[in-house]
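Containing TSV, C-alpha atoms: input21.tsv.
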```tsv
chain	number	residue	atom	x	y	z
A	28	MET	CA	10.43	-23.56	18.85
A	29	LYS	CA	7.82	-20.86	19.45
A	30	VAL	CA	7.35	-18.59	16.44
A	31	LEU	CA	5.59	-15.25	16.26
A	32	LEU	CA	4.45	-14.46	12.68
A	33	VAL	CA	3.31	-10.92	11.85
A	34	ASP	CA	2.12	-9.89	8.38
A	35	ASP	CA	-0.75	-7.65	7.32
A	36	GLU	CA	-1.32	-9.85	4.25
A	37	GLN	CA	-3.68	-12.17	6.10
A	38	LYS	CA	-3.88	-14.99	3.56
A	39	PHE	CA	-0.10	-15.06	3.20
A	40	ALA	CA	0.38	-15.28	6.96
A	41	LEU	CA	-2.23	-18.04	7.35
A	42	MET	CA	-0.84	-20.14	4.48
A	43	LEU	CA	2.70	-19.77	5.79
A	44	SER	CA	1.65	-20.72	9.33
A	45	LYS	CA	-0.06	-23.88	7.99
A	46	ARG	CA	3.11	-24.84	6.11
A	47	LEU	CA	5.23	-24.26	9.23
A	48	GLU	CA	2.78	-26.28	11.30
A	49	LEU	CA	3.04	-29.21	8.85
A	50	ARG	CA	6.80	-29.10	9.51
A	51	GLY	CA	6.30	-29.23	13.26
A	52	ILE	CA	6.80	-25.51	13.87
A	53	PRO	CA	3.66	-23.92	15.31
A	54	ALA	CA	3.39	-20.16	14.74
A	55	LYS	CA	1.13	-17.64	16.41
A	56	VAL	CA	-0.15	-15.28	13.73
A	57	PHE	CA	-0.93	-11.58	14.03
A	58	PHE	CA	-2.00	-9.25	11.23
A	59	SER	CA	-0.70	-6.05	12.82
A	60	GLY	CA	2.41	-5.00	14.71
A	61	GLU	CA	0.32	-3.37	17.41
A	62	LYS	CA	-1.50	-6.61	18.30
A	63	ALA	CA	1.69	-8.67	18.24
A	64	LEU	CA	3.41	-6.16	20.53
A	65	ALA	CA	0.45	-6.21	22.93
A	66	GLU	CA	0.65	-10.02	23.08
A	67	VAL	CA	4.35	-9.95	24.00
A	68	GLU	CA	3.85	-7.10	26.45
A	69	ALA	CA	1.12	-9.18	28.09
A	70	GLY	CA	3.70	-11.86	28.82
A	71	SER	CA	3.71	-14.28	25.85
A	72	ARG	CA	7.19	-15.47	24.96
A	73	PHE	CA	8.51	-16.48	21.54
A	74	ASP	CA	11.91	-17.77	20.44
A	75	VAL	CA	11.80	-16.04	17.09
A	76	ALA	CA	9.62	-13.45	15.36
A	77	VAL	CA	9.01	-13.54	11.59
A	78	LEU	CA	8.03	-9.99	10.62
A	79	ASP	CA	6.83	-8.37	7.42
A	80	VAL	CA	8.87	-5.21	6.87
A	81	LYS	CA	6.12	-2.97	5.44
A	82	MET	CA	2.90	-2.90	7.43
A	83	PRO	CA	0.43	-0.15	8.22
A	84	GLY	CA	1.06	1.28	11.68
A	85	ILE	CA	4.14	-0.30	13.26
A	86	GLY	CA	6.38	-1.70	10.51
A	87	GLY	CA	8.68	-4.70	10.94
A	88	VAL	CA	11.90	-2.86	11.77
A	89	GLU	CA	10.27	-0.66	14.44
A	90	LEU	CA	8.42	-3.70	15.79
A	91	LYS	CA	11.73	-5.51	16.18
A	92	SER	CA	13.17	-2.78	18.37
A	93	ARG	CA	10.01	-2.60	20.50
A	94	LEU	CA	9.79	-6.39	20.89
A	95	SER	CA	13.50	-6.52	21.74
A	96	ALA	CA	12.92	-3.96	24.48
A	97	VAL	CA	10.38	-6.32	26.06
A	98	ASP	CA	12.27	-9.57	25.35
A	99	PRO	CA	15.98	-9.08	24.55
A	100	GLU	CA	16.39	-12.82	23.84
A	101	MET	CA	13.96	-12.88	20.92
A	102	LYS	CA	15.47	-13.52	17.45
A	103	PHE	CA	14.17	-12.04	14.21
A	104	VAL	CA	13.61	-12.85	10.54
A	105	PHE	CA	12.21	-10.23	8.17
A	106	LEU	CA	10.05	-10.84	5.11
A	107	THR	CA	10.07	-8.21	2.40
A	108	GLY	CA	8.24	-7.70	-0.87
A	109	HIS	CA	10.59	-4.88	-1.89
A	110	GLY	CA	13.78	-4.74	-3.88
A	111	SER	CA	17.17	-4.65	-2.21
A	112	GLY	CA	17.49	-0.85	-2.44
A	113	THR	CA	14.35	-0.35	-0.39
A	114	ASP	CA	15.45	-3.04	2.06
A	115	TYR	CA	18.50	-0.93	2.88
A	116	GLU	CA	16.32	2.15	3.24
A	117	THR	CA	13.95	0.44	5.68
A	118	GLY	CA	16.86	-0.86	7.72
A	119	CYS	CA	15.74	-4.45	7.12
A	120	LEU	CA	19.11	-5.79	6.04
A	121	GLU	CA	20.98	-4.14	8.91
A	122	ALA	CA	18.44	-5.49	11.39
A	123	GLY	CA	18.92	-9.20	10.65
A	124	ASP	CA	17.90	-12.02	8.31
A	125	CYS	CA	15.84	-10.63	5.47
A	126	LEU	CA	14.02	-13.02	3.11
A	127	PRO	CA	12.32	-11.90	-0.11
A	128	LYS	CA	8.69	-12.60	-1.01
A	129	PRO	CA	7.63	-14.83	-2.69
A	130	LEU	CA	9.28	-16.96	-0.08
A	131	LYS	CA	11.14	-20.26	-0.31
A	132	ILE	CA	9.98	-22.17	2.76
A	133	GLU	CA	13.29	-24.03	2.98
A	134	GLN	CA	15.13	-20.70	3.39
A	135	LEU	CA	12.84	-19.72	6.24
A	136	ILE	CA	13.23	-23.10	7.96
A	137	GLU	CA	17.01	-22.84	7.57
A	138	ALA	CA	17.01	-19.34	9.11
A	139	LEU	CA	14.76	-20.45	12.00
A	140	ASN	CA	16.95	-23.49	12.75
A	141	ARG	CA	20.08	-21.38	12.61
A	142	LEU	CA	18.67	-18.73	14.96
A	143	VAL	CA	17.21	-21.27	17.41
A	144	PRO	CA	19.50	-24.31	17.05
A	145	ASP	CA	18.43	-26.07	20.24
A	146	ALA	CA	14.71	-26.21	19.41
B	20	MET	CA	14.13	23.60	-21.08
B	21	ASN	CA	14.02	26.03	-18.14
B	22	ASP	CA	14.40	25.17	-14.42
B	23	ASN	CA	10.66	24.88	-13.88
B	24	ASN	CA	10.26	22.42	-16.72
B	25	ASP	CA	13.17	20.40	-15.31
B	26	ARG	CA	11.49	20.29	-11.94
B	27	PHE	CA	8.08	19.33	-13.32
B	28	GLY	CA	9.75	16.66	-15.38
B	29	TYR	CA	11.47	15.20	-12.35
B	30	GLU	CA	8.42	15.50	-10.09
B	31	SER	CA	6.21	13.80	-12.67
B	32	LEU	CA	8.74	11.04	-13.12
B	33	ALA	CA	9.04	10.68	-9.34
B	34	PHE	CA	5.25	10.33	-9.12
B	35	PHE	CA	5.28	7.71	-11.88
B	36	GLY	CA	8.01	5.86	-9.98
B	37	ARG	CA	6.19	6.01	-6.63
B	38	VAL	CA	2.99	4.63	-8.13
B	39	ASN	CA	4.83	1.88	-9.97
B	40	ALA	CA	6.72	0.92	-6.82
B	41	SER	CA	3.47	0.54	-4.88
B	42	ILE	CA	1.88	-1.45	-7.75
B	43	SER	CA	4.86	-3.80	-7.94
B	44	HIS	CA	4.69	-4.29	-4.18
B	45	GLU	CA	0.99	-5.14	-4.43
B	46	LEU	CA	1.67	-7.63	-7.23
B	47	LYS	CA	4.49	-9.18	-5.21
B	48	ASN	CA	2.03	-9.71	-2.36
B	49	VAL	CA	-0.38	-11.41	-4.77
B	50	MET	CA	2.41	-13.65	-6.09
B	51	ALA	CA	3.58	-14.41	-2.55
B	52	ILE	CA	0.12	-15.64	-1.56
B	53	ILE	CA	-0.21	-17.75	-4.72
B	54	SER	CA	3.28	-19.13	-4.10
B	55	GLU	CA	2.53	-20.04	-0.46
B	56	THR	CA	-0.81	-21.58	-1.44
B	57	ALA	CA	0.81	-23.64	-4.19
B	58	GLY	CA	3.45	-24.66	-1.65
B	59	LEU	CA	0.75	-25.77	0.77
B	60	LEU	CA	-0.96	-27.77	-2.01
B	61	SER	CA	2.38	-29.43	-2.70
B	62	ASP	CA	2.78	-30.23	1.03
B	63	LEU	CA	-0.73	-31.72	1.12
B	64	SER	CA	-0.01	-33.72	-2.02
B	65	ASP	CA	3.14	-35.14	-0.39
B	66	MET	CA	1.08	-36.02	2.69
B	67	ALA	CA	-1.54	-37.79	0.58
B	68	SER	CA	1.18	-39.69	-1.29
B	69	SER	CA	2.57	-40.97	2.00
B	70	GLY	CA	-0.88	-42.16	3.07
B	71	ALA	CA	-1.66	-39.38	5.56
B	72	PRO	CA	-5.27	-38.15	5.53
B	73	VAL	CA	-5.84	-34.77	3.86
B	74	ALA	CA	-9.03	-32.80	4.59
B	75	PRO	CA	-10.87	-32.02	1.31
B	76	ASP	CA	-11.80	-28.58	2.74
B	77	MET	CA	-8.12	-27.63	2.83
B	78	LEU	CA	-7.78	-28.41	-0.87
B	79	LYS	CA	-10.93	-26.40	-1.61
B	80	ASP	CA	-9.66	-23.42	0.45
B	81	CYS	CA	-6.33	-23.48	-1.38
B	82	THR	CA	-7.99	-23.52	-4.80
B	83	LEU	CA	-10.34	-20.69	-3.84
B	84	SER	CA	-7.43	-18.65	-2.50
B	85	ILE	CA	-5.51	-19.02	-5.78
B	86	VAL	CA	-8.58	-18.01	-7.83
B	87	GLU	CA	-9.17	-14.95	-5.61
B	88	GLU	CA	-5.56	-13.84	-5.81
B	89	ILE	CA	-5.49	-14.19	-9.59
B	90	GLN	CA	-8.59	-11.96	-9.75
B	91	ARG	CA	-6.88	-9.48	-7.42
B	92	GLY	CA	-3.79	-9.53	-9.66
B	93	PHE	CA	-5.91	-8.88	-12.76
B	94	SER	CA	-7.58	-5.94	-10.99
B	95	VAL	CA	-4.18	-4.43	-10.10
B	96	ILE	CA	-3.00	-4.86	-13.71
B	97	ARG	CA	-6.19	-3.19	-15.01
B	98	GLN	CA	-5.51	-0.13	-12.81
B	99	MET	CA	-1.84	-0.14	-13.85
B	100	ASN	CA	-2.97	-0.06	-17.47
B	101	ARG	CA	-5.40	2.83	-16.81
B	102	PHE	CA	-2.62	4.72	-15.06
B	103	SER	CA	-0.13	4.09	-17.88
B	104	HIS	CA	-2.60	5.47	-20.43
B	105	SER	CA	-3.25	8.62	-18.38
B	106	ILE	CA	-0.08	10.01	-19.94
B	107	ASP	CA	-1.17	9.33	-23.56
B	108	HIS	CA	-2.51	12.85	-24.12
B	109	PRO	CA	-0.96	15.88	-22.40
B	110	VAL	CA	-4.34	17.63	-22.44
B	111	GLU	CA	-7.75	16.06	-22.89
B	112	SER	CA	-11.31	16.05	-21.63
B	113	VAL	CA	-11.72	13.85	-18.55
B	114	ASP	CA	-14.42	12.98	-16.04
B	115	LEU	CA	-13.25	14.05	-12.56
B	116	MET	CA	-14.97	11.00	-11.07
B	117	ASP	CA	-12.74	8.76	-13.24
B	118	VAL	CA	-9.64	10.63	-12.03
B	119	LEU	CA	-10.79	10.17	-8.43
B	120	ASP	CA	-11.62	6.51	-8.99
B	121	LEU	CA	-8.16	5.73	-10.36
B	122	SER	CA	-6.41	7.82	-7.67
B	123	ILE	CA	-8.23	5.91	-4.96
B	124	TYR	CA	-7.31	2.55	-6.49
B	125	LEU	CA	-3.65	3.54	-6.84
B	126	SER	CA	-3.39	5.02	-3.35
B	127	SER	CA	-4.97	1.88	-1.86
B	128	TYR	CA	-1.72	0.05	-2.72
B	129	LEU	CA	0.25	2.26	-0.31
B	130	SER	CA	1.21	0.44	2.86
B	131	PHE	CA	-0.27	3.27	4.94
B	132	ALA	CA	-3.51	3.58	2.91
B	133	GLY	CA	-6.63	4.44	4.90
B	134	LYS	CA	-10.34	4.28	4.24
B	135	VAL	CA	-11.95	6.49	1.60
B	136	ASP	CA	-15.61	7.24	0.98
B	137	VAL	CA	-16.40	8.89	-2.36
B	138	ARG	CA	-19.76	10.60	-2.56
B	139	PRO	CA	-21.36	10.13	-6.01
B	140	TYR	CA	-21.85	13.36	-7.94
B	141	ASP	CA	-25.54	14.08	-8.39
B	142	GLY	CA	-25.71	15.51	-11.91
B	143	PRO	CA	-24.09	15.29	-15.32
B	144	ALA	CA	-20.50	14.00	-15.32
B	145	PRO	CA	-18.12	16.71	-14.00
B	146	MET	CA	-15.92	17.08	-17.09
B	147	VAL	CA	-12.74	19.15	-17.35
B	148	VAL	CA	-10.19	19.74	-20.06
B	149	THR	CA	-6.88	19.27	-18.27
B	150	CYS	CA	-3.62	17.37	-18.11
B	151	PRO	CA	-4.92	14.05	-16.74
B	152	PHE	CA	-1.51	12.82	-15.63
B	153	LEU	CA	-0.67	15.89	-13.53
B	154	LEU	CA	-4.18	16.07	-12.09
B	155	GLN	CA	-3.83	12.40	-11.18
B	156	ALA	CA	-0.53	13.17	-9.46
B	157	ILE	CA	-2.08	16.04	-7.48
B	158	VAL	CA	-5.09	14.02	-6.29
B	159	TYR	CA	-2.93	10.97	-5.49
B	160	GLN	CA	-0.43	13.02	-3.48
B	161	SER	CA	-3.28	14.74	-1.64
B	162	LEU	CA	-4.72	11.36	-0.69
B	163	ALA	CA	-1.32	10.00	0.35
B	164	ASP	CA	-0.77	13.01	2.64
B	165	ALA	CA	-4.29	12.70	4.00
B	166	PHE	CA	-3.63	9.04	4.92
B	167	LYS	CA	-0.41	10.01	6.70
B	168	LYS	CA	-1.94	12.82	8.71
B	169	ILE	CA	-5.52	11.79	9.46
B	170	ARG	CA	-6.32	10.17	12.84
B	171	ALA	CA	-5.95	6.37	12.88
B	172	GLY	CA	-9.23	4.69	11.94
B	173	SER	CA	-10.73	7.85	10.42
B	174	GLU	CA	-12.11	7.95	6.90
B	175	VAL	CA	-11.36	10.51	4.17
B	176	THR	CA	-14.60	11.62	2.53
B	177	ILE	CA	-14.33	12.95	-1.01
B	178	SER	CA	-16.99	14.84	-2.88
B	179	VAL	CA	-17.14	16.99	-6.01
B	180	ALA	CA	-19.03	20.27	-6.31
B	181	GLY	CA	-19.26	23.05	-8.89
B	182	SER	CA	-17.32	26.17	-7.95
B	183	THR	CA	-19.46	29.19	-7.11
B	184	ASP	CA	-18.11	31.18	-10.07
B	185	GLU	CA	-18.92	28.23	-12.40
B	186	LYS	CA	-15.39	28.36	-13.80
B	187	GLY	CA	-14.47	24.94	-12.53
B	188	TRP	CA	-15.02	22.17	-10.02
B	189	LYS	CA	-13.97	21.66	-6.44
B	190	ILE	CA	-12.77	18.31	-5.16
B	191	LEU	CA	-13.41	18.38	-1.42
B	192	PHE	CA	-11.56	16.17	1.08
B	193	SER	CA	-13.12	16.08	4.56
B	194	GLY	CA	-13.05	13.94	7.70
B	195	PHE	CA	-10.04	15.68	9.23
B	196	GLY	CA	-9.57	16.96	12.76
B	197	PRO	CA	-8.65	20.62	13.37
B	198	GLY	CA	-5.57	21.59	11.38
B	199	GLU	CA	-4.68	18.00	10.47
B	200	LEU	CA	-3.75	18.80	6.89
B	201	GLU	CA	-2.58	22.37	7.53
B	202	GLY	CA	0.63	23.16	5.66
B	203	PHE	CA	-0.32	20.89	2.76
B	204	PRO	CA	0.66	21.06	-0.07
B	205	ASP	CA	4.41	21.56	-0.21
B	206	ALA	CA	5.91	24.10	-2.62
B	207	LEU	CA	6.63	21.54	-5.37
B	208	LEU	CA	3.09	20.17	-5.48
B	209	LYS	CA	1.69	23.70	-5.34
B	210	THR	CA	3.83	24.67	-8.32
B	211	MET	CA	2.77	21.54	-10.21
B	212	ALA	CA	-0.87	22.38	-9.47
B	213	THR	CA	-0.42	25.99	-10.59
B	214	SER	CA	1.01	24.75	-13.90
B	215	ILE	CA	-2.41	23.34	-14.84
B	216	GLY	CA	-4.47	26.08	-13.17
B	217	VAL	CA	-5.33	23.92	-10.14
B	218	ALA	CA	-5.47	25.56	-6.72
B	219	ILE	CA	-5.12	23.59	-3.47
B	220	ASP	CA	-6.37	25.24	-0.28
B	221	TRP	CA	-6.85	24.13	3.27
B	222	ASP	CA	-10.12	25.56	4.63
B	223	ASN	CA	-9.38	26.25	8.31
B	224	ARG	CA	-13.00	26.85	9.27
B	225	ALA	CA	-14.31	23.60	7.79
B	226	ASP	CA	-11.11	21.53	8.30
B	227	ARG	CA	-11.42	20.59	4.67
B	228	LEU	CA	-9.03	20.38	1.73
B	229	GLU	CA	-10.28	22.01	-1.46
B	230	ILE	CA	-8.78	21.29	-4.87
B	231	PHE	CA	-10.07	23.70	-7.48
B	232	VAL	CA	-9.89	22.34	-11.03
B	233	PRO	CA	-10.65	24.78	-13.86
B	234	MET	CA	-13.11	23.72	-16.56
B	235	THR	CA	-10.42	24.23	-19.18
B	236	ILE	CA	-6.68	24.41	-18.95
B	237	ASP	CA	-4.78	27.02	-20.93
B	238	LYS	CA	-3.18	24.61	-23.42
B	239	GLY	CA	-0.03	26.73	-23.58
B	240	SER	CA	0.49	26.76	-19.83
B	241	LEU	CA	2.11	23.34	-19.61
B	242	SER	CA	4.95	24.14	-21.94
B	243	GLU	CA	5.34	27.68	-20.63
B	244	SER	CA	5.47	26.92	-16.92
```
Whole structure given in structure tokens:
Amino acid sequence: MKVLLVDDEQKFALMLSKRLELRGIPAKVFFSGEKALAEVEAGSRFDVAVLDVKMPGIGGVELKSRLSAVDPEMKFVFLTGHGSGTDYETGCLEAGDCLPKPLKIEQLIEALNRLVPDA
Amino acid sequence: MNDNNDRFGYESLAFFGRVNASISHELKNVMAIISETAGLLSDLSDMASSGAPVAPDMLKDCTLSIVEEIQRGFSVIRQMNRFSHSIDHPVESVDLMDVLDLSIYLSSYLSFAGKVDVRPYDGPAPMVVTCPFLLQAIVYQSLADAFKKIRAGSEVTISVAGSTDEKGWKILFSGFGPGELEGFPDALLKTMATSIGVAIDWDNRADRLEIFVPMTIDKGSLSES
């Protein structure tokens, strides 16, 4: 399973990627939506993207629609530090799986395995 | 209570809510990092228990990360406490540089926050007698709008200068391109500013935002507005 992980909280993204790696799921980390989008536009392919909802510049929900335009097969999981009311406002819940921060790694693994069952 | 007071009450409360939302988001980020780091330590501990080698540097990095995030959390809580106390006295004597300092801290928790450079004031502390909470709201909202409208990667420069008529101080925001902040502020913020004698003007020639703060507020103006 190839995972794209995008979060502007750099330490969070790096710690999470290490924990995924220890579970046999390598993740390519980007700290901005713009750089992640450029990577996919340049031809990199990922099975699933794990996106922070609120980021400076391109936020998670907009990033999803732009990544989907490049790769319609890509699946998505959102990470949010907000309450449920704001999640509805940002469109996070309508857009797909939405996991709250602080995160339970088992929930993320379960979502990844569900979205990409053959990996 | 007349319509204006209703509106100021709601706007002030809305400002309080916006700031608290951004603070809680910042604290959630801190907790999320601590949680992930603790999770990684637990993973490494499980590895060590099963006999797999664990690099000591990873343990050291995790510990350092937790210490740094706890310090970051304390810093956020300190600013939250300063902000909470800004409403203690409706009118009091405040140092404009303190108001700016707190506004910059609070606005840095916004997801779209940009870079700010505050020029130190060369002289005695620029003191005003004002409503610190409303002045805080005005400066914060000005910064938030500046972040939204300024070119990506640009820096907002803030300085304080005495007004030419010596009746107050000017807080000057620069670093904008032509017309970038034109149209700011909206009617509600303008009315809030007027209620404490503050005037917000966009200087077209200098592409600069000027916030005039009078030396002393008319103490009756808050309740009469």
Self-check item: Counting all atoms listed in the file, chain B residues within 8 Å of chain A, as a ChimeraX atom specification
Solution: /B:44,47-48,50-52,54-56,58-59,62,84,130-132
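Pairwise distance (atom CA of Gly181 of chain B, atom CA of Ile230 of chain B) equals 11.4 Å.
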Exercise. Can you pull out every residue within 9 Å of Leu60 of chain B, counting only C-alpha atoms, but drop anything in the same chain fewer than 5 positions away, and send it as a list in words?
Key: Glu55, Asp65, Met77, Leu78, Cys81 and Thr82 of chain B
Protein and nucleic acid residues near (0.1, 12.4, -24.8) (cut-off 12 Å, all atoms listed in the file) as a PDB file with C-alpha atoms, keeping the file's coordinate frame:
```pdb
ATOM      1  CA  SER B 103      -0.130   4.090 -17.880  1.00  0.00           C
ATOM      2  CA  HIS B 104      -2.600   5.470 -20.430  1.00  0.00           C
ATOM      3  CA  SER B 105      -3.250   8.620 -18.380  1.00  0.00           C
ATOM      4  CA  ILE B 106      -0.080  10.010 -19.940  1.00  0.00           C
ATOM      5  CA  ASP B 107      -1.170   9.330 -23.560  1.00  0.00           C
ATOM      6  CA  HIS B 108      -2.510  12.850 -24.120  1.00  0.00           C
ATOM      7  CA  PRO B 109      -0.960  15.880 -22.400  1.00  0.00           C
ATOM      8  CA  VAL B 110      -4.340  17.630 -22.440  1.00  0.00           C
ATOM      9  CA  GLU B 111      -7.750  16.060 -22.890  1.00  0.00           C
ATOM     10  CA  THR B 149      -6.880  19.270 -18.270  1.00  0.00           C
ATOM     11  CA  CYS B 150      -3.620  17.370 -18.110  1.00  0.00           C
ATOM     12  CA  PRO B 151      -4.920  14.050 -16.740  1.00  0.00           C
ATOM     13  CA  PHE B 152      -1.510  12.820 -15.630  1.00  0.00           C
ATOM     14  CA  LEU B 153      -0.670  15.890 -13.530  1.00  0.00           C
TER      15      LEU B 153
END
```
Quiz prompt | Residues within 10 Å of Leu31 of chain A, only C-alpha atoms, excluding chain neighbours under 3 positions, as a count of residues only | solution = 20
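Going from atom CA of Val147 of chain B to atom CA of Arg224 of chain B covers 27.7 Å.
Compared by their closest atoms to Gly172 of chain B, and using all atoms listed in the file, the residues B:Ala67, B:Ile85, B:Ala74, B:Val135 rank with B:Val135 nearest.
Across the model, the gap from atom CA of Ala225 of chain B to atom CA of Gln155 of chain B is 24.4 Å.
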Exercise. Determine the nearest neighbour of Ser112 of chain B from the options B:Gly202, B:Pro145, B:Ala33, B:Ser68, counting all atoms listed in the file.
Key: B:Pro145
Exercise. Do a neighbour search on segment 191-197 of chain B at 8 Å with all atoms listed in the file, toss out local chain neighbours closer than 4 positions, and write the hits as a list in words.
Key: Ile169, Arg170, Ser173, Glu174, Val175, Thr176, Ile177, Ser178, Val179, Ala180, Asn223, Asp226, Arg227, Leu228, Glu229 and Ile230 of chain B
